[in-house]
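Quick look at data-v4.tsv (TSV, C-alpha atoms and all ligand atoms):
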chain	number	residue	atom	x	y	z
W	1	MET	CA	171.72	109.91	83.95
W	2	LYS	CA	169.49	109.10	86.89
W	3	THR	CA	166.08	107.56	86.28
W	4	LYS	CA	163.23	107.99	88.74
W	5	ALA	CA	163.36	105.42	91.51
W	6	ALA	CA	159.99	103.86	90.68
W	7	ILE	CA	161.05	102.56	87.27
W	8	ARG	CA	164.36	100.98	88.31
W	9	GLY	CA	164.29	97.27	87.58
W	10	LEU	CA	160.85	97.50	85.95
W	11	PRO	CA	160.45	94.70	83.39
W	12	VAL	CA	159.98	95.58	79.71
W	13	TYR	CA	156.72	94.13	78.32
W	14	GLN	CA	157.33	90.86	76.45
W	15	PRO	CA	154.88	90.61	73.55
W	16	GLY	CA	153.97	87.42	71.70
W	17	LYS	CA	156.60	86.54	69.09
W	18	PRO	CA	155.84	88.45	65.86
W	19	LEU	CA	154.92	86.44	62.76
W	20	GLU	CA	157.51	88.16	60.57
W	21	GLU	CA	160.32	87.43	63.06
W	22	VAL	CA	159.55	83.70	63.21
W	23	LYS	CA	159.41	83.40	59.42
W	24	ARG	CA	162.77	85.16	59.13
W	25	GLU	CA	164.54	83.24	61.90
W	26	LEU	CA	163.29	79.76	61.05
W	27	GLY	CA	163.09	80.18	57.29
W	28	LEU	CA	159.45	79.08	57.37
W	29	SER	CA	156.92	80.45	54.90
W	30	GLN	CA	153.80	79.11	56.65
W	31	VAL	CA	153.53	80.38	60.20
W	32	ILE	CA	150.40	80.76	62.35
W	33	LYS	CA	150.32	83.11	65.30
W	34	LEU	CA	148.07	82.02	68.13
W	35	ALA	CA	149.94	84.00	70.76
W	36	SER	CA	148.34	87.41	71.25
W	37	ASN	CA	144.58	86.74	71.21
W	38	GLU	CA	144.20	88.59	67.92
W	39	ASN	CA	141.14	87.92	65.78
W	40	PRO	CA	141.96	85.12	63.29
W	41	PHE	CA	139.19	86.38	61.00
W	42	GLY	CA	140.70	89.85	60.70
W	43	SER	CA	138.18	92.65	60.89
W	44	SER	CA	134.93	93.70	59.23
W	45	LYS	CA	135.09	94.47	55.51
W	46	ASN	CA	133.42	97.80	56.33
W	47	VAL	CA	136.67	98.99	57.85
W	48	TRP	CA	138.64	99.16	54.63
W	49	ASN	CA	136.08	101.33	52.82
W	50	ALA	CA	135.82	103.66	55.77
W	51	LEU	CA	139.58	104.12	55.77
W	52	LEU	CA	139.59	104.97	52.08
W	53	GLU	CA	137.06	107.71	52.75
W	54	GLU	CA	139.31	109.09	55.45
W	55	ARG	CA	142.33	109.46	53.15
W	56	GLU	CA	141.52	113.09	52.29
W	57	SER	CA	141.92	114.06	55.94
W	58	LEU	CA	145.27	112.57	56.83
W	59	ALA	CA	146.90	115.96	57.33
W	60	LEU	CA	144.35	116.93	59.95
W	61	TYR	CA	144.43	116.17	63.67
W	62	PRO	CA	141.52	114.04	64.84
W	63	GLU	CA	138.78	115.39	67.06
W	64	GLY	CA	140.06	114.69	70.54
W	65	GLN	CA	136.68	113.70	71.97
W	66	ALA	CA	135.87	111.31	69.10
W	67	PRO	CA	132.31	112.67	68.74
W	68	ALA	CA	131.02	110.39	65.97
W	69	LEU	CA	132.34	107.22	67.58
W	70	ARG	CA	131.26	108.45	71.02
W	71	SER	CA	127.69	109.02	69.96
W	72	GLU	CA	127.23	105.66	68.19
W	73	LEU	CA	129.06	103.68	70.83
W	74	ALA	CA	127.01	105.31	73.60
W	75	ALA	CA	123.80	104.34	71.78
W	76	HIS	CA	125.11	100.82	71.13
W	77	LEU	CA	126.00	100.31	74.80
W	78	GLY	CA	122.99	102.18	76.21
W	79	VAL	CA	125.12	104.57	78.26
W	80	ALA	CA	125.31	108.37	78.34
W	81	GLU	CA	127.98	109.89	76.09
W	82	GLU	CA	129.69	111.64	78.99
W	83	ARG	CA	130.45	108.26	80.54
W	84	LEU	CA	132.86	107.32	77.74
W	85	ILE	CA	136.57	107.97	77.38
W	86	PHE	CA	138.77	106.64	74.57
W	87	GLY	CA	142.37	105.52	74.63
W	88	ASN	CA	145.23	104.52	72.38
W	89	GLY	CA	144.25	100.96	73.19
W	90	SER	CA	142.75	100.15	76.58
W	91	ASP	CA	146.40	99.83	77.60
W	92	GLU	CA	146.56	103.61	77.55
W	93	ILE	CA	143.45	103.91	79.70
W	94	ILE	CA	145.09	101.67	82.31
W	95	GLN	CA	147.99	104.12	82.25
W	96	MET	CA	145.65	107.14	82.51
W	97	ILE	CA	143.83	105.63	85.49
W	98	ALA	CA	147.10	104.93	87.31
W	99	ARG	CA	148.39	108.39	86.52
W	100	THR	CA	145.22	110.06	87.77
W	101	PHE	CA	144.62	108.15	90.98
W	102	LEU	CA	147.92	106.74	92.25
W	103	GLU	CA	150.82	108.25	94.15
W	104	PRO	CA	153.53	107.00	96.53
W	105	GLU	CA	152.17	105.52	99.80
W	106	SER	CA	149.04	104.33	97.98
W	107	GLU	CA	148.22	100.71	97.15
W	108	SER	CA	146.46	98.79	94.39
W	109	VAL	CA	145.03	95.33	94.69
W	110	MET	CA	145.17	92.94	91.73
W	111	ALA	CA	145.20	89.22	91.05
W	112	ASP	CA	148.33	87.12	90.86
W	113	ILE	CA	148.36	86.09	87.97
W	114	THR	CA	146.67	88.59	85.66
W	115	PHE	CA	147.29	91.07	82.84
W	116	PRO	CA	150.75	92.54	83.61
W	117	ARG	CA	150.02	96.16	82.64
W	118	TYR	CA	148.21	96.91	85.91
W	119	GLU	CA	151.28	96.14	88.01
W	120	THR	CA	153.62	98.02	85.66
W	121	GLN	CA	151.53	101.19	85.64
W	122	VAL	CA	151.05	101.02	89.41
W	123	ARG	CA	154.82	100.77	89.91
W	124	ILE	CA	155.56	103.64	87.53
W	125	GLU	CA	153.45	105.89	89.77
W	126	GLY	CA	155.49	104.77	92.78
W	127	SER	CA	152.41	103.06	94.20
W	128	ARG	CA	152.42	99.60	95.73
W	129	PRO	CA	150.88	96.58	93.96
W	130	VAL	CA	149.29	94.02	96.28
W	131	ALA	CA	148.85	90.71	94.44
W	132	VAL	CA	146.26	88.17	95.59
W	133	PRO	CA	146.69	84.59	94.27
W	134	LEU	CA	144.09	83.11	91.95
W	135	ILE	CA	142.23	79.98	93.04
W	136	ASN	CA	142.27	77.44	90.20
W	137	GLY	CA	142.87	80.29	87.77
W	138	VAL	CA	139.92	82.33	89.10
W	139	HIS	CA	139.98	85.70	90.92
W	140	ASP	CA	139.65	85.21	94.69
W	141	LEU	CA	137.33	88.17	95.24
W	142	GLU	CA	136.92	87.45	98.96
W	143	ALA	CA	140.68	87.57	99.55
W	144	MET	CA	140.95	90.62	97.31
W	145	ALA	CA	138.36	92.44	99.43
W	146	ASP	CA	140.33	91.38	102.53
W	147	ALA	CA	143.45	92.96	100.99
W	148	VAL	CA	141.80	96.39	100.73
W	149	ASN	CA	142.78	98.93	103.41
W	150	GLU	CA	142.74	102.72	103.89
W	151	ARG	CA	145.74	103.12	101.53
W	152	THR	CA	144.02	101.22	98.69
W	153	ARG	CA	143.03	103.43	95.76
W	154	ILE	CA	142.22	100.89	93.04
W	155	VAL	CA	141.29	97.23	92.71
W	156	TRP	CA	142.06	95.86	89.24
W	157	LEU	CA	139.83	93.00	88.11
W	158	CYS	CA	140.28	91.23	84.79
W	159	ASN	CA	137.13	89.45	83.66
W	160	PRO	CA	137.62	87.10	81.84
W	161	ASN	CA	141.12	86.92	83.28
W	162	ASN	CA	144.13	87.01	81.01
W	163	PRO	CA	146.00	84.60	80.92
W	164	THR	CA	143.65	81.99	82.44
W	165	GLY	CA	140.44	82.86	80.53
W	166	THR	CA	138.29	82.27	83.63
W	167	TYR	CA	135.53	84.58	84.87
W	168	PHE	CA	133.66	85.61	87.98
W	169	SER	CA	129.88	86.00	88.11
W	170	GLU	CA	127.54	88.92	88.74
W	171	SER	CA	126.67	87.70	92.24
W	172	GLU	CA	130.36	87.34	93.14
W	173	LEU	CA	131.05	90.86	91.89
W	174	ARG	CA	128.07	92.28	93.81
W	175	ARG	CA	129.24	90.62	97.02
W	176	PHE	CA	132.71	92.07	96.41
W	177	LEU	CA	131.37	95.59	95.77
W	178	ASN	CA	129.36	95.41	98.97
W	179	ARG	CA	132.54	94.72	100.91
W	180	VAL	CA	134.78	97.36	99.29
W	181	PRO	CA	134.75	100.84	100.91
W	182	GLU	CA	133.60	103.96	99.07
W	183	HIS	CA	137.06	105.46	98.52
W	184	VAL	CA	138.23	102.54	96.35
W	185	LEU	CA	137.92	102.51	92.56
W	186	VAL	CA	137.13	99.15	90.99
W	187	VAL	CA	138.45	98.74	87.46
W	188	VAL	CA	136.94	95.81	85.57
W	189	ASP	CA	138.91	95.03	82.41
W	190	GLU	CA	136.53	93.34	79.95
W	191	ALA	CA	138.82	93.12	76.92
W	192	TYR	CA	137.17	89.81	75.95
W	193	TYR	CA	133.61	90.85	76.82
W	194	GLU	CA	132.17	90.12	73.37
W	195	TYR	CA	133.41	86.50	73.49
W	196	VAL	CA	131.65	85.72	76.78
W	197	THR	CA	128.71	83.31	76.68
W	198	ALA	CA	128.20	82.59	80.41
W	199	GLU	CA	124.75	83.71	81.50
W	200	ASP	CA	125.79	84.78	84.98
W	201	TYR	CA	128.55	87.06	83.66
W	202	PRO	CA	128.23	90.50	85.32
W	203	ASP	CA	126.32	93.32	83.63
W	204	THR	CA	128.91	95.86	84.71
W	205	LEU	CA	127.46	98.71	82.62
W	206	ALA	CA	124.20	98.39	84.55
W	207	LEU	CA	126.08	98.20	87.86
W	208	ALA	CA	128.17	101.25	86.92
W	209	LYS	CA	125.02	103.35	86.50
W	210	THR	CA	124.39	103.20	90.23
W	211	ASP	CA	127.94	102.63	91.48
W	212	PRO	CA	130.32	105.53	90.74
W	213	ARG	CA	133.34	103.46	91.84
W	214	LEU	CA	133.20	101.20	88.78
W	215	ILE	CA	135.32	101.72	85.67
W	216	VAL	CA	134.74	99.23	82.84
W	217	LEU	CA	137.44	98.77	80.18
W	218	ARG	CA	136.68	97.43	76.72
W	219	THR	CA	138.63	97.38	73.46
W	220	PHE	CA	138.37	97.23	69.68
W	221	SER	CA	141.57	95.13	69.59
W	222	LYS	CA	140.09	91.71	70.23
W	223	ILE	CA	136.77	90.63	68.68
W	224	TYR	CA	136.59	93.72	66.43
W	225	GLY	CA	140.03	92.79	65.05
W	226	LEU	CA	141.53	96.29	65.16
W	227	ALA	CA	144.62	95.68	67.30
W	228	ALA	CA	146.81	97.56	64.81
W	229	PHE	CA	144.83	100.78	65.27
W	230	ARG	CA	145.15	100.93	69.05
W	231	ILE	CA	141.74	101.97	70.25
W	232	GLY	CA	139.90	101.07	73.43
W	233	TYR	CA	137.49	102.77	75.79
W	234	ALA	CA	136.29	103.02	79.34
W	235	VAL	CA	132.79	103.47	80.72
W	236	ALA	CA	132.84	105.35	84.01
W	237	HIS	CA	131.01	107.95	86.09
W	238	PRO	CA	131.16	111.36	84.35
W	239	SER	CA	133.14	112.84	87.26
W	240	ILE	CA	135.80	110.16	86.78
W	241	VAL	CA	135.87	110.78	83.02
W	242	THR	CA	136.47	114.47	83.79
W	243	GLU	CA	139.46	113.58	85.98
W	244	LEU	CA	140.91	111.17	83.42
W	245	ASP	CA	140.53	113.84	80.73
W	246	ARG	CA	143.04	116.01	82.61
W	247	VAL	CA	145.85	113.51	81.93
W	248	ARG	CA	144.66	112.29	78.51
W	249	GLU	CA	146.88	113.17	75.56
W	250	PRO	CA	144.81	115.59	73.41
W	251	PHE	CA	144.76	113.42	70.25
W	252	ASN	CA	145.27	110.00	71.83
W	253	ALA	CA	142.66	108.14	69.77
W	254	ASN	CA	143.84	108.81	66.24
W	255	ARG	CA	141.71	109.71	63.24
W	256	LEU	CA	142.01	106.37	61.42
W	257	ALA	CA	141.37	104.44	64.62
W	258	GLN	CA	138.19	106.41	65.35
W	259	ARG	CA	136.95	105.85	61.82
W	260	ALA	CA	137.86	102.15	61.79
W	261	ALA	CA	136.20	101.56	65.16
W	262	LEU	CA	133.00	103.23	63.98
W	263	ALA	CA	132.88	101.06	60.85
W	264	ALA	CA	133.61	97.92	62.88
W	265	LEU	CA	130.93	98.76	65.44
W	266	ARG	CA	128.33	98.94	62.66
W	267	ASP	CA	129.04	95.34	61.60
W	268	GLN	CA	127.60	93.30	64.46
W	269	ASP	CA	127.10	90.32	62.11
W	270	PHE	CA	130.87	90.00	61.92
W	271	VAL	CA	131.08	90.10	65.72
W	272	GLN	CA	128.43	87.40	66.01
W	273	HIS	CA	130.24	85.21	63.46
W	274	CYS	CA	133.51	85.54	65.38
W	275	ARG	CA	131.84	84.75	68.71
W	276	ASP	CA	130.20	81.61	67.27
W	277	ALA	CA	133.35	80.39	65.52
W	278	ASN	CA	135.33	80.97	68.70
W	279	ARG	CA	132.91	78.90	70.79
W	280	GLN	CA	133.16	76.05	68.30
W	281	GLY	CA	136.94	76.28	68.14
W	282	LEU	CA	137.24	76.23	71.92
W	283	LYS	CA	134.99	73.18	72.10
W	284	GLU	CA	137.02	71.32	69.48
W	285	ILE	CA	140.29	72.01	71.28
W	286	GLU	CA	138.84	71.11	74.68
W	287	ILE	CA	137.43	67.79	73.46
W	288	GLN	CA	140.80	66.79	72.07
W	289	LEU	CA	142.68	67.87	75.22
W	290	ASP	CA	140.26	65.77	77.28
W	291	ARG	CA	140.99	62.73	75.10
W	292	TRP	CA	144.67	63.19	75.84
W	293	GLY	CA	144.01	63.69	79.55
W	294	LEU	CA	145.42	67.21	79.55
W	295	SER	CA	143.85	69.75	81.90
W	296	TRP	CA	142.84	73.28	81.01
W	297	PHE	CA	141.14	76.31	82.55
W	298	PRO	CA	137.51	76.80	81.45
W	299	SER	CA	137.61	79.81	79.15
W	300	GLN	CA	135.10	82.59	78.44
W	301	SER	CA	137.56	84.27	76.09
W	302	ASN	CA	139.25	83.60	72.74
W	303	PHE	CA	142.18	81.73	74.26
W	304	LEU	CA	142.79	78.63	76.30
W	305	MET	CA	145.38	77.99	78.99
W	306	LEU	CA	146.31	74.32	79.13
W	307	ASP	CA	148.69	72.23	81.19
W	308	THR	CA	151.15	70.36	78.96
W	309	GLY	CA	152.61	68.46	81.92
W	310	ARG	CA	156.08	69.44	80.65
W	311	SER	CA	158.29	72.48	80.51
W	312	SER	CA	156.22	75.11	78.74
W	313	ASP	CA	159.33	76.61	77.12
W	314	GLU	CA	160.18	73.25	75.52
W	315	VAL	CA	156.66	72.78	74.20
W	316	PHE	CA	156.69	76.39	72.96
W	317	GLN	CA	159.96	75.80	71.06
W	318	CYS	CA	158.73	72.50	69.60
W	319	LEU	CA	155.54	74.16	68.30
W	320	LEU	CA	157.56	77.10	67.01
W	321	LYS	CA	159.71	74.78	64.85
W	322	ARG	CA	156.45	73.63	63.29
W	323	GLY	CA	155.46	77.19	62.52
W	324	ILE	CA	152.97	77.57	65.37
W	325	ILE	CA	153.43	80.49	67.76
W	326	VAL	CA	151.71	80.18	71.15
W	327	ARG	CA	152.47	81.85	74.49
W	328	SER	CA	154.71	79.97	76.89
W	329	GLY	CA	153.28	79.94	80.41
W	330	SER	CA	156.73	80.29	81.97
W	331	ALA	CA	156.77	84.05	81.35
W	332	LEU	CA	153.22	84.25	82.74
W	333	GLY	CA	153.87	82.36	85.96
W	334	TYR	CA	152.69	78.93	84.77
W	335	PRO	CA	155.83	76.91	83.97
W	336	THR	CA	154.03	73.90	82.47
W	337	HIS	CA	151.14	75.68	80.73
W	338	ILE	CA	150.80	77.22	77.31
W	339	ARG	CA	148.22	79.82	76.29
W	340	VAL	CA	146.83	79.35	72.81
W	341	THR	CA	144.53	81.74	70.96
W	342	VAL	CA	141.57	80.06	69.25
W	343	GLY	CA	142.19	80.35	65.52
W	344	ARG	CA	140.30	79.56	62.35
W	345	PRO	CA	139.19	75.89	62.13
W	346	GLU	CA	142.20	74.83	60.04
W	347	GLN	CA	144.57	76.67	62.38
W	348	ASN	CA	143.09	74.92	65.40
W	349	ARG	CA	143.64	71.56	63.71
W	350	GLN	CA	147.20	72.49	62.81
W	351	PHE	CA	147.79	73.45	66.44
W	352	LEU	CA	146.35	70.16	67.71
W	353	GLU	CA	148.45	68.16	65.25
W	354	GLY	CA	151.55	70.06	66.37
W	355	LEU	CA	150.71	69.54	70.03
W	356	ALA	CA	150.19	65.81	69.45
W	357	ALA	CA	153.64	65.58	67.88
W	358	CYS	CA	155.32	67.66	70.58
W	359	LEU	CA	153.73	65.73	73.47
W	360	ASP	CA	153.93	62.25	71.85
W	361	LYS	CA	150.17	61.93	71.94
W	362	PRO	CA	148.26	59.71	69.53
W	363	GLY	CA	147.65	61.58	66.26
W	364	PHE	CA	144.86	64.08	66.04
W	365	ILE	CA	141.91	62.85	64.01
W	366	ALA	CA	139.47	65.59	63.00
W	401	LIG	C1	144.57	92.65	75.02
W	401	LIG	C2	144.23	93.15	76.37
W	401	LIG	C3	144.19	94.52	76.66
W	401	LIG	C4	144.76	95.54	75.73
W	401	LIG	O1	143.95	95.94	74.79
W	401	LIG	P1	144.34	97.18	73.85
W	401	LIG	O2	143.04	97.85	73.71
W	401	LIG	O3	144.88	96.59	72.60
W	401	LIG	O4	145.37	98.03	74.54
W	401	LIG	C5	143.76	94.94	77.90
W	401	LIG	N1	143.43	94.05	78.84
W	401	LIG	C6	143.52	92.74	78.62
W	401	LIG	C7	143.16	91.80	79.70
W	401	LIG	C8	143.92	92.25	77.40
W	401	LIG	O5	144.05	90.93	77.21

Could the structure of this file be written out as structure tokens, please?
Amino acid sequence: MKTKAAIRGLPVYQPGKPLEEVKRELGLSQVIKLASNENPFGSSKNVWNALLEERESLALYPEGQAPALRSELAAHLGVAEERLIFGNGSDEIIQMIARTFLEPESESVMADITFPRYETQVRIEGSRPVAVPLINGVHDLEAMADAVNERTRIVWLCNPNNPTGTYFSESELRRFLNRVPEHVLVVVDEAYYEYVTAEDYPDTLALAKTDPRLIVLRTFSKIYGLAAFRIGYAVAHPSIVTELDRVREPFNANRLAQRAALAALRDQDFVQHCRDANRQGLKEIEIQLDRWGLSWFPSQSNFLMLDTGRSSDEVFQCLLKRGIIVRSGSALGYPTHIRVTVGRPEQNRQFLEGLAACLDKPGFIA
């Protein structure tokens, strides 16, 4: 059987190690997963009740346009309903964008290193990824604008960037948009938007109202704690939403996901609690890393990328034996870094104790 040329040699996505697998393989009963930037506080209690109400309707297809969620989310964000499109996770929207706008001979500009799904989807369409190195973990927007040419269809920006957690500001984005020609779409992936506290972080929804080139990606998988349901969305110009709708699977955002997202959206107290706890957790981890003289990238997200000064795979394995799953930087292009998701306070302490043991650092004192 012959596959299409574009997918030959394409890597298969490597997820964080699943909790169940680690328990099974290492015979551990207590394992904490700080590898996939999932919400350590779970999700809003509203979600469970909403799901129970939905149980009468399991035999029915969902409404493809997600009208109830669309209307409340539009009001929550202050955008027109026709600017929204939903996906089976924002992952699927990345796929839909690539499918709609890319073809062979075209190019896409993205950071090196960033979220790997942009490159994969670009390659599947037979289009060419052009990767522009980060500077100290931060998008080099000037060099990315330089990399744009007449073949460029999309620039993919990840803000805050996964895996470094760093961000670029509103003024940097404005300067970039001024330099990028009209024919280029600019996708800004804001999967960690709700965790951001920086005051000069871009207001992309406001920018998108006057700039039809902007597509903003957000998700219910991170701060809303609904990763299992697979639901994300994009805010874009209505004409772009119309084009994306042509390739969208008719029932891509499923009934339970729509209902869960609506319930989660209504509990902004939970979101606020998670944002505050995350800020505190980050601070606690950073202070300890500073005491040990370890460097890290300043994070606006719910994870931290830190330099262990050793082989990241060895540190990963050492932490794993102690029942702590993090992400090894080696697979992400940082051979001495690990990426750790900020957990609940006791999980953060357990991580720091484990790290102290693995790096022979003086014990962690809370
Ligand atoms: C987690 C993540 C996503 C994927 O989110 P889903 O909505 O679960 O598909 C997209 N972009 C970035 C940068 C992420 O970290």

W:Leu58, W:Leu26, W:Ile285, W:Met144: which is nearest Leu352 (chain W), counting all atoms listed in the file?
W:Ile285

Can you work out which one of W:Phe316, W:Tyr118, W:Tyr201, W:Phe176 has the shortest atom-to-atom distance to Ala143 (chain W), counting only C-alpha atoms?
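Closest candidate: W:Phe176.
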
Residues of chain W that have any atom at most 7 Å from an atom of ligand LIG 401 (chain W): could you tabulate them with the shortest-distance atom pair and the distance in Å to one decimal, using only C-alpha atoms and all ligand atoms, ordered by chain and increasing number, as a tab-separated table?
residue	atom	partner	partner_atom	distance
W:Asn88	CA	W:LIG401	O4	6.8
W:Gly89	CA	W:LIG401	O2	3.4
W:Ser90	CA	W:LIG401	O2	3.7
W:Asp91	CA	W:LIG401	O4	3.7
W:Glu92	CA	W:LIG401	O4	6.5
W:Phe115	CA	W:LIG401	C7	5.2
W:Cys158	CA	W:LIG401	C7	5.9
W:Asn161	CA	W:LIG401	C7	6.4
W:Asn162	CA	W:LIG401	C7	5.1
W:Asp189	CA	W:LIG401	N1	5.8
W:Glu190	CA	W:LIG401	C7	6.8
W:Ala191	CA	W:LIG401	C6	5.0
W:Thr219	CA	W:LIG401	O2	4.4
W:Phe220	CA	W:LIG401	O2	6.2
W:Ser221	CA	W:LIG401	O3	4.7
W:Lys222	CA	W:LIG401	C1	6.6
W:Ala227	CA	W:LIG401	O3	5.4
W:Arg230	CA	W:LIG401	O3	5.6
W:Ile231	CA	W:LIG401	O2	5.5
W:Gly232	CA	W:LIG401	O2	4.5

Mind checking which residues fall within 7 Å of Gly126 (chain W), counting only C-alpha atoms, ignoring those fewer than 3 positions away in the same chain, and posting them as a PyMOL selection string?
chain W and resi 6+103-104+122-123

What's the 12 Å shell around Val138 (chain W), counting all atoms listed in the file, without same-chain residues fewer than 5 positions away, as a PyMOL selection string?
chain W and resi 111-114+132-133+143-144+157-169+172+297-300

C-alpha atoms of the current selection, written as an mmCIF file, keeping the file's coordinate frame:
data_model
loop_
_atom_site.group_PDB
_atom_site.id
_atom_site.type_symbol
_atom_site.label_atom_id
_atom_site.label_comp_id
_atom_site.auth_asym_id
_atom_site.auth_seq_id
_atom_site.Cartn_x
_atom_site.Cartn_y
_atom_site.Cartn_z
ATOM 1 C CA ALA W 111 145.200 89.220 91.050
ATOM 2 C CA ASP W 112 148.330 87.120 90.860
ATOM 3 C CA ILE W 113 148.360 86.090 87.970
ATOM 4 C CA THR W 114 146.670 88.590 85.660
ATOM 5 C CA VAL W 132 146.260 88.170 95.590
ATOM 6 C CA PRO W 133 146.690 84.590 94.270
ATOM 7 C CA ALA W 143 140.680 87.570 99.550
ATOM 8 C CA MET W 144 140.950 90.620 97.310
ATOM 9 C CA LEU W 157 139.830 93.000 88.110
ATOM 10 C CA CYS W 158 140.280 91.230 84.790
ATOM 11 C CA ASN W 159 137.130 89.450 83.660
ATOM 12 C CA PRO W 160 137.620 87.100 81.840
ATOM 13 C CA ASN W 161 141.120 86.920 83.280
ATOM 14 C CA ASN W 162 144.130 87.010 81.010
ATOM 15 C CA PRO W 163 146.000 84.600 80.920
ATOM 16 C CA THR W 164 143.650 81.990 82.440
ATOM 17 C CA GLY W 165 140.440 82.860 80.530
ATOM 18 C CA THR W 166 138.290 82.270 83.630
ATOM 19 C CA TYR W 167 135.530 84.580 84.870
ATOM 20 C CA PHE W 168 133.660 85.610 87.980
ATOM 21 C CA SER W 169 129.880 86.000 88.110
ATOM 22 C CA GLU W 172 130.360 87.340 93.140
ATOM 23 C CA PHE W 297 141.140 76.310 82.550
ATOM 24 C CA PRO W 298 137.510 76.800 81.450
ATOM 25 C CA SER W 299 137.610 79.810 79.150
ATOM 26 C CA GLN W 300 135.100 82.590 78.440
#

Residue among W:Leu28, W:Ala331, W:Ala74, W:Ala35 lying closest to Gly16 (chain W), counting all atoms listed in the file:
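Closest to Gly16 (chain W) of all the choices is W:Ala35.
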
Taking 3 positions as the minimum chain separation for residues in the same chain, which residues sit within 8 Å of region 277-281 of chain W when counting all atoms listed in the file? Answer as a PyMOL selection string.
chain W and resi 195+273-274+284-285+302+342-345+348

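Interatomic distance, CA of Tyr193 (chain W) to CA of Ser301 (chain W): 7.7 Å.
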
Exercise: residues within 9 Å of coordinate (139.4, 100.5, 101.1), counting only C-alpha atoms, as a list in words
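Selection result: Ala145, Ala147, Val148, Asn149, Glu150, Arg151, Thr152, Arg153, Ile154, Arg179, Val180, Pro181, Glu182, His183, Val184 and Leu185 of chain W.
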
Include C-alpha atoms and write out the residues we just selected as a PDB file, in the frame of the given file.
ATOM      1  CA  ALA W 145     138.360  92.440  99.430  1.00  0.00           C
ATOM      2  CA  ALA W 147     143.450  92.960 100.990  1.00  0.00           C
ATOM      3  CA  VAL W 148     141.800  96.390 100.730  1.00  0.00           C
ATOM      4  CA  ASN W 149     142.780  98.930 103.410  1.00  0.00           C
ATOM      5  CA  GLU W 150     142.740 102.720 103.890  1.00  0.00           C
ATOM      6  CA  ARG W 151     145.740 103.120 101.530  1.00  0.00           C
ATOM      7  CA  THR W 152     144.020 101.220  98.690  1.00  0.00           C
ATOM      8  CA  ARG W 153     143.030 103.430  95.760  1.00  0.00           C
ATOM      9  CA  ILE W 154     142.220 100.890  93.040  1.00  0.00           C
ATOM     10  CA  ARG W 179     132.540  94.720 100.910  1.00  0.00           C
ATOM     11  CA  VAL W 180     134.780  97.360  99.290  1.00  0.00           C
ATOM     12  CA  PRO W 181     134.750 100.840 100.910  1.00  0.00           C
ATOM     13  CA  GLU W 182     133.600 103.960  99.070  1.00  0.00           C
ATOM     14  CA  HIS W 183     137.060 105.460  98.520  1.00  0.00           C
ATOM     15  CA  VAL W 184     138.230 102.540  96.350  1.00  0.00           C
ATOM     16  CA  LEU W 185     137.920 102.510  92.560  1.00  0.00           C
TER      17      LEU W 185
END

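When only C-alpha atoms are used to measure the gap to Ile325 (chain W), the shortest distance among W:Leu217, W:Val340, W:Ala68, W:Val47 belongs to W:Val340.
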
Using only C-alpha atoms, which residue out of W:Ser29, W:Asn49, W:Ser108, W:Gln258 lies closest to Leu73 (chain W)?
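Looking only at the distances to Leu73 (chain W), the closest residue turns out to be W:Gln258.
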
Closest to Arg259 (chain W) among W:Met110, W:Leu226, W:Leu355, W:Ala80, using all atoms listed in the file?
W:Leu226

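The coordinates place CA of Ala257 (chain W) at 18.5 Å from CA of Glu81 (chain W).
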
Excluding Gly293 (chain W) and its own-chain neighbours fewer than 3 positions away, which residues fall within 12 Å of it when counting only C-alpha atoms? Please give them as a PDB file with C-alpha atoms, in the coordinates of the input.
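The file below, result_39.pdb, is the result:
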ATOM      1  CA  GLU W 286     138.840  71.110  74.680  1.00  0.00           C
ATOM      2  CA  ILE W 287     137.430  67.790  73.460  1.00  0.00           C
ATOM      3  CA  GLN W 288     140.800  66.790  72.070  1.00  0.00           C
ATOM      4  CA  LEU W 289     142.680  67.870  75.220  1.00  0.00           C
ATOM      5  CA  ASP W 290     140.260  65.770  77.280  1.00  0.00           C
ATOM      6  CA  TRP W 296     142.840  73.280  81.010  1.00  0.00           C
ATOM      7  CA  LEU W 306     146.310  74.320  79.130  1.00  0.00           C
ATOM      8  CA  ASP W 307     148.690  72.230  81.190  1.00  0.00           C
ATOM      9  CA  THR W 308     151.150  70.360  78.960  1.00  0.00           C
ATOM     10  CA  GLY W 309     152.610  68.460  81.920  1.00  0.00           C
ATOM     11  CA  LEU W 359     153.730  65.730  73.470  1.00  0.00           C
ATOM     12  CA  LYS W 361     150.170  61.930  71.940  1.00  0.00           C
ATOM     13  CA  PRO W 362     148.260  59.710  69.530  1.00  0.00           C
TER      14      PRO W 362
END

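CA of Glu194 (chain W) is found 7.7 Å from CA of Val271 (chain W).
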
First collect every listed atom of region 81-94 of chain W; then fit an axis-aligned box around them, widen it by 5 Å on each side, and give centre and edge lengths in Å to one decimal, as AutoDock Vina command-line options.
--center_x 137.3 --center_y 105.7 --center_z 77.3 --size_x 28.6 --size_y 21.8 --size_z 19.9
